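Beneath this line is the structure, given in structure tokens, with notes to follow.
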Protein chains: 2
Amino acid sequence: MSNRPVTLRDIAKKVGVHTSTVSRVLNPDAGAKVSREVALKVTRAAEELGYSLNPFARSLKTNQSFTIGVLIPDLTDPLFPPIMRGIEDTLSEAGYTAILANSDNDPDHERKGLETMRARKVDGLILATAQRKDRLVARCVADRIPLVLVNREVEDHSVPAVVNDDIGGMRMVTEHVISLGHRRIGHISGPQTLSTGMNRLNGYLAAMRAHGLPERHADMVEAAPLTDAAAQAAAEALLASDPDLTAIVTANDMLALGAYDALEARGLSCPDDVSVTGFNDIPFADKFKPPITTVRIQKFEMGAEAARLVLRMIKGENVGGLSMLLRPTLVVRGSTAPPRR
Amino acid sequence: MSNRPVTLRDIAKKVGVHTSTVSRVLNPDAGAKVSREVALKVTRAAEELGYSLNPFARSLKTNQSFTIGVLIPDLTDPLFPPIMRGIEDTLSEAGYTAILANSDNDPDHERKGLETMRARKVDGLILATAQRKDRLVARCVADRIPLVLVNREVEDHSVPAVVNDDIGGMRMVTEHVISLGHRRIGHISGPQTLSTGMNRLNGYLAAMRAHGLPERHADMVEAAPLTDAAAQAAAEALLASDPDLTAIVTANDMLALGAYDALEARGLSCPDDVSVTGFNDIPFADKFKPPITTVRIQKFEMGAEAARLVLRMIKGENVGGLSMLLRPTLVVRGSTAPPRR
DNA sequence: CGCCCTAACGCAAACGATTGCAATCTTGCC
DNA sequence: GGCAAGATTGCAATCGTTTGCGTTAGGGCG
């Protein structure tokens with residue numbers, strides 16, 4: 001028994017037909033006509049010989065890799081694993097495979113990641129790293145690579161994207177806080193270079209306006225990197241400049257944790273002294289003390305839809321300008337309560 | 001300007017040499033001799049034309065994919081993203097790419113994942129899913145695929161693995177609890193079908209024995225699935241059967257959180273009434289209330305070393321029986337304190 | 001019974017690289 | 001100056017599939 005893998009030729013020889021016929025039997029989708037009997041004999045022989053397609057040969061010929069590149073900021077950020085699972089689960093069902101790269105929010109890394117993906121000739125791209133203005137994204141569309149954005153999108157909506165209703169979500173949670181009786185409400189925002197950061201800020205503003213509450217500049221601080229440390233600093237600035245604050249709504253759960261730290265450092269308690277909210281509903285959001293009131297976004301579904309979308313683009317479907325907005329839901333937990341005063 | 005990608009032939013034509021020469025210039029590692037001048041002209045032409053290697057053609061010829069399959073239980077489990085990053089970061093430096101599959105602890109999924117990886121002709125495999133006796137692992141070694149285990153290993157140590165010193169780690173944290181003065185210490189273990197579950201249990205037992213403490217059967221319960229819910233049930237069983245327990249050491253942080261829930265349900269406080277410890281030091285372990293005293297394992301490094309190891313195997317190095325044991329460290333936080341009585 | 005059409009299959013040329021071997025050219029040395 | 005050794009480079013086969021086109025055979029129809 002030789003160890004040489006079984007090829008189309010082996011099957012052809014065994015059955016007594018030409019390799020092209022075997023190929024046609026094994027790829028019925030191509031729409032080639034083969035007689036019932038031959039098809040049966042071929043499939044049987046393939047089975048017996050334990051044939052398995054050589055993907056390199058196929059790809060060389062068809063110029064398809066059945067591979068999708070996925071670029072995310074950092075797999076270690078709890079937001080992305082669920083998205084990634086959504087992507088991979090639906091890709092694999094379609095016979096596609098994801099290859100992953102982390103950008104670490106570094107343009108060089110990002111560029112390098114994209115580079116290797118293109119070198120590997122991915123059939124499409126899913127990016128979770130988009131800035132509102134993004135040169136790399138622009139280059140990809142210019143190069144006509146099937147591309148969809150996930151979670152974040154670009155300013156001009158020129159690229160298909162699957163995102164949450166960040167404005168609506170933030171408006172919802174802000175109004176929850178307002179409805180509890182809060183009037184002086186601060187916001188720790190994410191970077192305004194990201195659609196999420198901007199939209200969530202706008203959602204906050206919309207809610208404030210809608211209820212006739214003043215928008216004070218001092219009540220909005222940006223957490224430059226989306227870390228708990230940055231958020232802690234931001235929360236401290238907020239509390240210093242406006243000691244009457246009774247609530248802080250933040251642009252994501254990690255920032256909420258940073259706010260917790262700031263409150264603790266000041267000897268304030270949440271939610272008794274100050275209510276805090278997050279966004280995303282990351283795993284464990286319900287396990288912290290207090291459990292975070294937050295906005296649940298559809299992480300797995302976001303990934304799954306992005307994958308479906310890119311697959312449709314690959315099939316040649318024209319999905320121009322199609323963006324999907326997933327509806328988030330409010331999750332009220334222990335970090336919000338009516339204000340004391 | 002045609003859109004047809006640049007090939008070796010294009011370069012050859014431009015420079016006036018044969019494609020084989022171009023190939024040799026572009027693959028210097030192969031050790032072929034090419035004159036300085038030709039090499040220079042070729043590289044320059046390649047640059048000018050914007051050549052990029054067609055990986056399909058190369059792979060077809062060399063039968064290498066520069067791809068490693070990684071199989072993990074669930075990316076959503078906070079233990080794995082850091083491991084994954086370790087793997088990917090070091091693979092990509094070597095020009096390799098990881099393709100990921102989740103088993104969801106389901107043998108069918110696992111088998112299917114392995115199947116697609118083999119269909120894609122990965123050059124090697126990294127498995128984080130190994131049971132102590134694992135048929136799939138056995139099949140892989142039988143098929144002589146370069147393979148390394150990570151985090152968990154097989155019983156007979158027949159496969160190279162990169163794991164933590166689970167016994168030592170658990171012994172360490174148990175002794176920490178003992179040194180605080182605890183005598184009645186329960187253990188919530190992981191599944192004994194996994195090396196981690198068994199080793200950690202043994203570490204606990206070793207510590208108890210070493211200090212002349214009785215090993216009571218009632219003080220050991222297995223959390224069948226490694227979830228907080230299962231752990232909560234386990235902790236309740238523990239507390240019910242042995243109300244004098246003053247400490248519970250668990251096999252991982254998620255189980256510790258389950259123990260928290262059980263204590264809270266009983267109106268007991270941690271660490272005042274019962275001390276609790278975890279294992280792994282997952283992200284946020286310091287953010288819970290109380291922050292979890294736990295054993296920090298080297299997650300990123302574990303992944304990185306596993307990647308390095310599989311690469312060495314691919315290069316043909318004989319690493320027979322080489323396993324790496326990474327040293328964990330004790331991280332004392334707020335969930336442990338001296339017993340009241 | 002002849003002709004045309006279609007179904008089924010074979011033929012062979014790709015896809016783009018790698019690589020053992022042959023051919024050529026230098027160079028050194030006697 | 002001739003020859004051998006060594007350094008470069010060319011030649012051509014090959015990896016395993018896919019696919020446009022040609023060929024064959026059979027069937028329907030006039």
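By convention here, the chains of the structure tokens are called A, B, ... in the order presented, each chain's residues are numbered starting at 1, and ligands are numbered starting at 1 in the order presented.
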* Proximal residues of chain A relative to chain B (only C-alpha atoms; 6 Å) as a list in words -> Phe56, Ala57, Leu60, Leu75, Thr76, Pro81, Pro82, Ile99, Phe288 and Lys289 of chain A
* **Check: which chain C residues lie within 7 Å of chain A using only C-alpha atoms (C1' of nucleotides), as a PyMOL selection string** => chain C and resi 8-10+15
* To do: Measure the distance from CA of Gly320 in chain B to CA of Gln131 in chain B in Å and round it to one decimal.
  =>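 Between CA of Gly320 in chain B and CA of Gln131 in chain B the gap works out to 19.9 Å.
Note that CA of Ala285 in chain B and CA of Leu201 in chain A are 29.6 Å apart.
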* Select from range 23-246 of chain B everything DSSP, run on the backbone, classes as strand (DSSP E), then give the selection as a PyMOL selection string. => chain B and resi 67-72+97-102+124-127+147-150+161-164+185-189+220-222
Would you pick out the contacts of Arg296 in chain B at 7 Å or less, using only C-alpha atoms (C1' of nucleotides), so that residues sharing its chain but fewer than 3 positions from it are not included, and give the list as a PDB file with N, CA, C and O atoms, in the first residue's frame?
ATOM      1  N   PHE B 279      -8.676  28.953  39.537  1.00  0.00           N
ATOM      2  CA  PHE B 279      -7.483  28.488  38.832  1.00  0.00           C
ATOM      3  C   PHE B 279      -7.561  29.051  37.420  1.00  0.00           C
ATOM      4  O   PHE B 279      -8.646  29.062  36.828  1.00  0.00           O
ATOM      5  N   ASN B 280      -6.436  29.479  36.890  1.00  0.00           N
ATOM      6  CA  ASN B 280      -6.269  30.009  35.535  1.00  0.00           C
ATOM      7  C   ASN B 280      -6.009  31.497  35.520  1.00  0.00           C
ATOM      8  O   ASN B 280      -5.247  31.993  34.698  1.00  0.00           O
ATOM      9  N   ASP B 281      -6.652  32.210  36.443  1.00  0.00           N
ATOM     10  CA  ASP B 281      -6.568  33.670  36.417  1.00  0.00           C
ATOM     11  C   ASP B 281      -7.041  34.213  35.085  1.00  0.00           C
ATOM     12  O   ASP B 281      -6.288  34.836  34.327  1.00  0.00           O
ATOM     13  N   PRO B 328       3.167  27.796  37.015  1.00  0.00           N
ATOM     14  CA  PRO B 328       2.137  28.784  37.366  1.00  0.00           C
ATOM     15  C   PRO B 328       2.548  29.543  38.612  1.00  0.00           C
ATOM     16  O   PRO B 328       3.487  29.157  39.305  1.00  0.00           O
ATOM     17  N   THR B 329       1.861  30.633  38.857  1.00  0.00           N
ATOM     18  CA  THR B 329       2.160  31.414  40.058  1.00  0.00           C
ATOM     19  C   THR B 329       0.879  31.664  40.839  1.00  0.00           C
ATOM     20  O   THR B 329      -0.199  31.771  40.268  1.00  0.00           O
ATOM     21  N   LEU B 330       1.048  31.777  42.131  1.00  0.00           N
ATOM     22  CA  LEU B 330      -0.099  32.021  43.004  1.00  0.00           C
ATOM     23  C   LEU B 330      -0.440  33.501  42.989  1.00  0.00           C
ATOM     24  O   LEU B 330       0.439  34.345  43.081  1.00  0.00           O
ATOM     25  N   VAL B 331      -1.703  33.800  42.853  1.00  0.00           N
ATOM     26  CA  VAL B 331      -2.137  35.197  42.917  1.00  0.00           C
ATOM     27  C   VAL B 331      -3.152  35.313  44.044  1.00  0.00           C
ATOM     28  O   VAL B 331      -4.278  34.839  43.940  1.00  0.00           O
TER      29      VAL B 331
END
* To do: Provide the C1' of DG26 in chain D to CA of Arg9 in chain A distance in Å, to one decimal place.
  => 27.9 Å
* **Contact residues (chain D, partner chain B, 7 Å, only C-alpha atoms (C1' of nucleotides)) as a PyMOL selection string** => chain D and resi 8-10+15
N, CA and C atoms (P, O5', C5', C4', C3', O3' and C1' of nucleotides) of the current selection, written as a short mmCIF file (atom, residue, chain, number, x, y, z; two decimals), in the first residue's frame:
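Listing of selection.cif after writing:
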data_model
loop_
_atom_site.label_atom_id
_atom_site.label_comp_id
_atom_site.auth_asym_id
_atom_site.auth_seq_id
_atom_site.Cartn_x
_atom_site.Cartn_y
_atom_site.Cartn_z
P DT D 8 28.18 31.16 -9.03
"O5'" DT D 8 27.24 31.48 -10.27
"C5'" DT D 8 26.72 30.37 -10.93
"C4'" DT D 8 26.30 30.78 -12.32
"C3'" DT D 8 24.83 31.17 -12.39
"O3'" DT D 8 24.62 32.12 -13.42
"C1'" DT D 8 25.19 29.12 -13.54
P DT D 9 23.21 32.86 -13.41
"O5'" DT D 9 22.37 31.94 -14.39
"C5'" DT D 9 22.73 31.88 -15.77
"C4'" DT D 9 22.05 30.72 -16.42
"C3'" DT D 9 20.52 30.78 -16.43
"O3'" DT D 9 20.09 30.91 -17.77
"C1'" DT D 9 21.34 28.60 -16.00
P DG D 10 18.53 31.16 -18.10
"O5'" DG D 10 18.24 29.85 -18.96
"C5'" DG D 10 19.19 29.43 -19.91
"C4'" DG D 10 18.84 28.04 -20.43
"C3'" DG D 10 17.36 27.84 -20.75
"O3'" DG D 10 17.26 27.06 -21.93
"C1'" DG D 10 18.03 26.26 -19.12
P DC D 15 3.13 13.84 -10.89
"O5'" DC D 15 2.54 14.68 -9.68
"C5'" DC D 15 3.37 15.28 -8.69
"C4'" DC D 15 2.64 16.45 -8.09
"C3'" DC D 15 1.13 16.34 -8.22
"O3'" DC D 15 0.62 15.76 -7.01
"C1'" DC D 15 1.91 18.54 -8.83
#
* Asked: Of the candidates B:Ala142, B:Ala307, B:Ile282, B:Ala30, which one gets nearest to DT18 in chain C if we count only C-alpha atoms (C1' of nucleotides)?
  ->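 For DT18 in chain C, the nearest of the given residues is B:Ala30.
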* Please report, as a list in words, each residue of range 134-166 of chain B to which DSSP assigns helix (DSSP H, G or I) when run on this structure's backbone. => Arg135, Leu136, Val137, Ala138, Arg139, Cys140, Val141, Ala142 and Asp166 of chain B
Pick out the residues sitting within 8 Å of Thr193 in chain A, and hand them over as a short mmCIF file (atom, residue, chain, number, x, y, z; two decimals) with C-alpha atoms, in the first residue's frame; count only C-alpha atoms (C1' of nucleotides), and ignore anything fewer than 5 positions along from it in its own chain.
data_model
loop_
_atom_site.label_atom_id
_atom_site.label_comp_id
_atom_site.auth_asym_id
_atom_site.auth_seq_id
_atom_site.Cartn_x
_atom_site.Cartn_y
_atom_site.Cartn_z
CA GLN A 131 -12.33 53.63 11.46
CA ARG A 132 -14.89 56.16 10.35
CA LYS A 133 -12.41 57.21 7.71
CA MET A 198 -19.60 58.56 17.78
#
* Asked: Could you name the residues that touch DG27 in chain D at 12 Å or less, counting only C-alpha atoms (C1' of nucleotides), but leaving out those on the same chain fewer than 4 positions away, as a list of chain:residue names?
  ->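 Selected residues are C:DC3, C:DC4, C:DC5, C:DT6, C:DA7.
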Those same residues, written as a PDB file, in the first residue's frame with N, CA, C and O atoms (P, O5', C5', C4', C3', O3' and C1' of nucleotides)?
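Contents of out_28.pdb, as written:
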ATOM      1  P    DC C   3     -27.569  11.763 -45.420  1.00  0.00           P
ATOM      2  O5'  DC C   3     -28.108  12.982 -44.578  1.00  0.00           O
ATOM      3  C5'  DC C   3     -29.456  13.430 -44.753  1.00  0.00           C
ATOM      4  C4'  DC C   3     -29.887  14.186 -43.523  1.00  0.00           C
ATOM      5  C3'  DC C   3     -28.720  14.852 -42.774  1.00  0.00           C
ATOM      6  O3'  DC C   3     -29.089  16.162 -42.414  1.00  0.00           O
ATOM      7  C1'  DC C   3     -29.944  13.474 -41.303  1.00  0.00           C
ATOM      8  P    DC C   4     -27.902  17.199 -41.991  1.00  0.00           P
ATOM      9  O5'  DC C   4     -28.518  17.813 -40.681  1.00  0.00           O
ATOM     10  C5'  DC C   4     -29.952  17.905 -40.557  1.00  0.00           C
ATOM     11  C4'  DC C   4     -30.322  17.843 -39.090  1.00  0.00           C
ATOM     12  C3'  DC C   4     -29.328  18.576 -38.183  1.00  0.00           C
ATOM     13  O3'  DC C   4     -30.053  19.299 -37.215  1.00  0.00           O
ATOM     14  C1'  DC C   4     -29.599  16.358 -37.436  1.00  0.00           C
ATOM     15  P    DC C   5     -29.331  20.484 -36.415  1.00  0.00           P
ATOM     16  O5'  DC C   5     -29.876  20.194 -34.955  1.00  0.00           O
ATOM     17  C5'  DC C   5     -31.119  19.487 -34.801  1.00  0.00           C
ATOM     18  C4'  DC C   5     -31.096  18.745 -33.482  1.00  0.00           C
ATOM     19  C3'  DC C   5     -30.202  19.415 -32.426  1.00  0.00           C
ATOM     20  O3'  DC C   5     -30.915  19.495 -31.201  1.00  0.00           O
ATOM     21  C1'  DC C   5     -29.589  17.141 -32.682  1.00  0.00           C
ATOM     22  P    DT C   6     -30.357  20.470 -30.060  1.00  0.00           P
ATOM     23  O5'  DT C   6     -30.127  19.437 -28.886  1.00  0.00           O
ATOM     24  C5'  DT C   6     -31.044  18.360 -28.711  1.00  0.00           C
ATOM     25  C4'  DT C   6     -30.345  17.232 -27.976  1.00  0.00           C
ATOM     26  C3'  DT C   6     -29.438  17.697 -26.832  1.00  0.00           C
ATOM     27  O3'  DT C   6     -29.722  16.897 -25.712  1.00  0.00           O
ATOM     28  C1'  DT C   6     -28.284  16.187 -28.228  1.00  0.00           C
ATOM     29  P    DA C   7     -29.330  17.433 -24.241  1.00  0.00           P
ATOM     30  O5'  DA C   7     -29.017  16.057 -23.518  1.00  0.00           O
ATOM     31  C5'  DA C   7     -29.607  14.860 -24.028  1.00  0.00           C
ATOM     32  C4'  DA C   7     -28.630  13.708 -23.873  1.00  0.00           C
ATOM     33  C3'  DA C   7     -27.772  13.789 -22.611  1.00  0.00           C
ATOM     34  O3'  DA C   7     -27.691  12.490 -22.055  1.00  0.00           O
ATOM     35  C1'  DA C   7     -26.371  13.643 -24.508  1.00  0.00           C
TER      36       DA C   7
END
* To do: Extract, using only C-alpha atoms (C1' of nucleotides), all DNA, RNA and protein residues at most 6 Å from range 144-151 of chain A, discarding same-chain residues fewer than 2 positions from it, and format them as an MDAnalysis selection string.
  => chainID A and resid 124:128 140:142 153 160:163 313
* To do: Determine the nearest neighbour of DG6 in chain D from the options C:DC30, C:DC1, C:DC25, C:DA17, counting only C-alpha atoms (C1' of nucleotides).
  =>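 Checking each of C:DC30, C:DC1, C:DC25, C:DA17 against DG6 in chain D, counting only C-alpha atoms (C1' of nucleotides), the winner is C:DC25.
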* Non-local contacts of Pro339 in chain A (10 Å; only C-alpha atoms (C1' of nucleotides); under 2 positions in same chain excluded) as an MDAnalysis selection string -> chainID A and resid 177:178 180:184 245:247 271:275 336:337 341
